[in-house]
Each structure stands twice: as C-alpha cells, then as structure tokens.
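Undergrad: Attaching a single structure in structure tokens format; questions to follow.
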Amino acid sequence: MQALIHPTAVIAPGAQLHPSVRVGPYAVIGDRVRIGAGTTVGAHAVIEGWTEIGERNQLFPGVAIGQEPQDLKYDGSVSLVRIGNDNRLREYVTVNRATRADEVTAIGNGNLLMAYVHVAHNCTVEDGVIVANGVALAGHVHVESRATIGGVLGVHQFVRIGRLSMVGGMSRIDRDVPPFCLVEGNPARVRSLNRVGLRRAGLEAIDQGQAVATLKKAFRILYRSGLTLDRALDELDLLPDSEPLQHLRLFLRRSLLPGRRGLIPGKRPMRGHGSIEGVHPHGDDH
C-alpha cells in the first residue's frame, strides 16, 4: 500500500483506503473518509468530512471533497458526501457535504465533472452526466441521468435538470429543465428536442423509433401548439405510451407542485397564466 501513496501525502489514521488506491503528492485525506478499490487521488487533493468514495474514480489535482457546506444554516452536524464508481472529477472540482444531520450530497456512477465545477450541499447528480468547466450547481440541485451541462453557467437552488437534456453554455438556469430537451440562452429557453442525445442514448432503436416519434409529438404539443400547460398535459395522456413519455409527464407535473420553481419556458412569448410558454406556474418571474 505504501508504494501507492506518495510520501508527502497526509492520511489520517482513521481513513479507510482500499490497498489499490493511489494518492498523489501533498494530498490530504481526513479521518472519516472511505475510498474504494482502484480510485486515484491526485496531487494536492483534499478529502475530508464523512465522505464515501467508490471504485475506479479519478480525482484530479486540487479537488476538494467533503468540506462544510456554504450554508449559514449548517450547525456542524454529521452530514455526508457519497460518490459512486467510475467518475472523473477534474482539476479543482469542489463537492460540499449536506447541511443537516444525515443528509447527503450524492454523485452516482460514470459522471464527468470538468475543471472548476462546484457541487453544493444536498445536490444529487445521477449517472452518466457531463458537466463542463466552470459550472456552479447551487444547493439542492438534482441532475438526472445522462444530462449534459455546458460550461460557465450557474444553476439556481432547488432546480431539477431532466434526463438526457442538454443545457447550452453560459445559460441562466433558474427553473427546471425538461427531460430530453435542449435549453440555452439568457434568459434560458427550451429550443428543441435533444435529438443528438436521444440518438446517442439508443432511443431511436427502441420499438423502431416509436419512443422518439412520440417525444417529438409531445414536444410539438408542449411548445408549438399554444395550449396551456394543463391542456397540453391532457393531450400528452392521449399519446402512445412509452417509458420516456411517462418520465416526461411525471417530471412536468412535479415541476408544477407548490414549492417548486416551475419550468424553463419555450422560445415563444408568454401566452397567459398556466401556459408552458409562461415564466412560472404561479404567474411570477422570480
């Protein structure tokens, strides 16, 4: 094990590292950290707090994981960071632990977080997500599987970014991003289906492309028909059923629940209260 840990690294006595973990120069690993097989910790990385890291992760130089949340409500409670397997966290990525006792900031499997990405307290990043350089995820953001987030942008607290969506770089993301859609701009707008992402995910091969064809019909109903969101959701219930369509309908309905931030609108101007083209399900622009 010593042959895999640089002599300048500082490993606390209580840290639990699999014998195959590699640790680079001047890295610091705290007393309550657990790291699984095949993970590499780069030079000057700092991993502290109650942090669990799985197998075959690559943590590049300067990453900081498990630090206290940047939240004035934090009272020193035992809160967690959990990172799965096969992730790549590039230079100077920061992942803060959750705010309250036993809460978790979670990163799943197979994600790529590029340089200077910040994952704040209580965030969830599912699987196969790509986050480009300089992105800041504020507290309680949830990123669903296989979403792609372009560089140099901020995501507002409590926002949810849908499965297989694509967010263009330098956009302002202050509301939920629907699954399977391409969103960009400042203010951000839904522009189209994420057709490239759907093809790469293999959805065109499911039922001879029926799942994608149904999503195209759903998109036209939501963003091209001029219907209110309530009416559009009723129309979506009449389309041929598929798992992606079920996920889209559930996501949209959850975004309209009290306390949620609502949905990123389409590119058309607002067409009245309750419209998918509007700015917020409750009629305000906060």
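We name chains A, B, ... following the order of the structure tokens; residues begin at 1 in each chain, and ligands are numbered from 1 as shown.
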Can you tell me, as a PyMOL selection string, which residues in region 87-278 of chain A count as strand (DSSP E) by DSSP?

TA: chain A and resi 88-89+94-96+104-107+112-113+118-119+124-125+130-131+136-137+142-143+148-149+154-155+160-161+166-167+172-173+181-185+188-193

Undergrad: Would you output that residue set with C-alpha atoms, as a PDB file, in the first residue's frame?

TA:
```pdb
ATOM      1  CA  ARG A  88     -13.876  11.588 -13.252  1.00  0.00           C
ATOM      2  CA  LEU A  89     -13.587  14.776 -11.219  1.00  0.00           C
ATOM      3  CA  THR A  94     -15.483  21.013  -5.221  1.00  0.00           C
ATOM      4  CA  VAL A  95     -18.180  18.828  -3.655  1.00  0.00           C
ATOM      5  CA  ASN A  96     -19.585  20.063  -0.346  1.00  0.00           C
ATOM      6  CA  VAL A 104     -26.336  13.565   1.650  1.00  0.00           C
ATOM      7  CA  THR A 105     -24.697  15.259  -1.293  1.00  0.00           C
ATOM      8  CA  ALA A 106     -24.663  12.418  -3.836  1.00  0.00           C
ATOM      9  CA  ILE A 107     -22.858  11.729  -7.097  1.00  0.00           C
ATOM     10  CA  LEU A 112     -17.557  13.565 -15.852  1.00  0.00           C
ATOM     11  CA  LEU A 113     -17.246  16.822 -13.909  1.00  0.00           C
ATOM     12  CA  HIS A 118     -18.895  23.246  -7.894  1.00  0.00           C
ATOM     13  CA  VAL A 119     -21.434  20.793  -6.454  1.00  0.00           C
ATOM     14  CA  THR A 124     -27.808  14.913  -6.452  1.00  0.00           C
ATOM     15  CA  VAL A 125     -26.036  14.048  -9.692  1.00  0.00           C
ATOM     16  CA  ILE A 130     -21.374  15.526 -18.191  1.00  0.00           C
ATOM     17  CA  VAL A 131     -20.803  18.923 -16.577  1.00  0.00           C
ATOM     18  CA  ALA A 136     -21.830  26.008 -10.291  1.00  0.00           C
ATOM     19  CA  LEU A 137     -24.676  23.839  -9.005  1.00  0.00           C
ATOM     20  CA  HIS A 142     -30.897  17.494  -8.890  1.00  0.00           C
ATOM     21  CA  VAL A 143     -29.350  16.445 -12.223  1.00  0.00           C
ATOM     22  CA  THR A 148     -25.169  17.412 -20.377  1.00  0.00           C
ATOM     23  CA  ILE A 149     -24.495  20.877 -18.945  1.00  0.00           C
ATOM     24  CA  GLY A 154     -24.989  28.729 -12.752  1.00  0.00           C
ATOM     25  CA  VAL A 155     -27.938  26.575 -11.716  1.00  0.00           C
ATOM     26  CA  ARG A 160     -34.046  19.908 -11.443  1.00  0.00           C
ATOM     27  CA  ILE A 161     -32.334  19.163 -14.758  1.00  0.00           C
ATOM     28  CA  MET A 166     -28.699  19.437 -22.983  1.00  0.00           C
ATOM     29  CA  VAL A 167     -28.015  22.853 -21.446  1.00  0.00           C
ATOM     30  CA  ARG A 172     -29.018  31.165 -16.871  1.00  0.00           C
ATOM     31  CA  ILE A 173     -30.802  28.165 -15.342  1.00  0.00           C
ATOM     32  CA  CYS A 181     -34.849  18.878 -24.403  1.00  0.00           C
ATOM     33  CA  LEU A 182     -32.193  21.335 -25.498  1.00  0.00           C
ATOM     34  CA  VAL A 183     -32.141  24.547 -23.447  1.00  0.00           C
ATOM     35  CA  GLU A 184     -29.939  27.604 -23.912  1.00  0.00           C
ATOM     36  CA  GLY A 185     -29.845  31.369 -23.601  1.00  0.00           C
ATOM     37  CA  ALA A 188     -32.859  30.342 -20.951  1.00  0.00           C
ATOM     38  CA  ARG A 189     -35.483  28.927 -23.304  1.00  0.00           C
ATOM     39  CA  VAL A 190     -36.382  25.433 -24.493  1.00  0.00           C
ATOM     40  CA  ARG A 191     -35.263  25.348 -28.128  1.00  0.00           C
ATOM     41  CA  SER A 192     -35.842  21.802 -29.373  1.00  0.00           C
ATOM     42  CA  LEU A 193     -35.606  18.145 -28.525  1.00  0.00           C
TER      43      LEU A 193
END
```

Undergrad: Identify, on the basis of only C-alpha atoms, every residue whose closest approach to Ile65 (chain A) does not exceed 9 Å; exclude the query and any residue fewer than 5 positions from it along the same chain; express the result as a compact mmCIF listing (two decimals) with N, CA and C atoms, in the first residue's frame.

TA:
```txt
# COMPACT_ATOMS: atom_id res chain seq x y z
N ALA A 45 -5.06 17.18 -3.64
CA ALA A 45 -6.48 16.98 -3.36
C ALA A 45 -6.72 17.00 -1.85
N VAL A 46 -7.91 17.45 -1.46
CA VAL A 46 -8.30 17.46 -0.06
C VAL A 46 -9.65 16.77 0.07
N ILE A 47 -9.68 15.68 0.84
CA ILE A 47 -10.92 14.93 1.04
C ILE A 47 -11.15 14.83 2.53
N GLU A 48 -12.24 15.42 2.99
CA GLU A 48 -12.49 15.49 4.42
C GLU A 48 -13.93 15.12 4.73
N GLY A 49 -14.29 15.26 6.01
CA GLY A 49 -15.67 15.03 6.43
C GLY A 49 -16.07 13.56 6.33
N THR A 51 -17.13 11.20 4.20
CA THR A 51 -17.12 11.07 2.74
C THR A 51 -16.87 9.63 2.35
N VAL A 81 -21.10 13.08 2.13
CA VAL A 81 -20.90 13.05 0.68
C VAL A 81 -20.75 11.60 0.27
N VAL A 93 -12.40 20.58 -8.87
CA VAL A 93 -13.82 20.34 -8.59
C VAL A 93 -14.03 20.38 -7.08
N THR A 94 -15.13 20.98 -6.64
CA THR A 94 -15.48 21.01 -5.22
C THR A 94 -16.84 20.37 -5.02
N VAL A 95 -16.94 19.51 -4.01
CA VAL A 95 -18.18 18.83 -3.65
C VAL A 95 -18.38 19.00 -2.15
N ASN A 96 -19.35 19.80 -1.76
CA ASN A 96 -19.59 20.06 -0.35
C ASN A 96 -20.60 19.09 0.23
N ARG A 97 -20.42 18.79 1.52
CA ARG A 97 -21.37 17.87 2.13
C ARG A 97 -22.69 18.59 2.46
```

Undergrad: Taking the backbone alone, and naming residues the way the document does, which bits of region 117-246 of chain A are alpha helix (DSSP H) by DSSP, as JSON, numbers by chain?

TA: {"A": [195, 196, 197, 198, 199, 200, 210, 211, 212, 213, 214, 215, 216, 217, 218, 219, 220, 221, 222, 223, 229, 230, 231, 232, 233, 234, 235, 236, 243, 244, 245, 246]}

Undergrad: Taking 6 positions as the minimum chain separation for residues in the same chain, which residues sit within 12 Å of region 11-14 of chain A when counting only C-alpha atoms? Answer as a PyMOL selection string.

TA: chain A and resi 2+5+22-35+41+45-50

Undergrad: Using only C-alpha atoms, which of the listed residues (A:Pro69, A:Pro265, A:Gly226, A:Gly209) sits closest to Arg100 (chain A)?

TA: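 Answer, going by the shortest atom-to-atom distance: A:Pro69.
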
Undergrad: Using only C-alpha atoms, which of A:Pro258, A:Gly108, A:Gly128, A:Gly266 sits nearest Val177 (chain A)?

TA: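 That would be A:Gly266, the residue with the smallest distance to Val177 (chain A).
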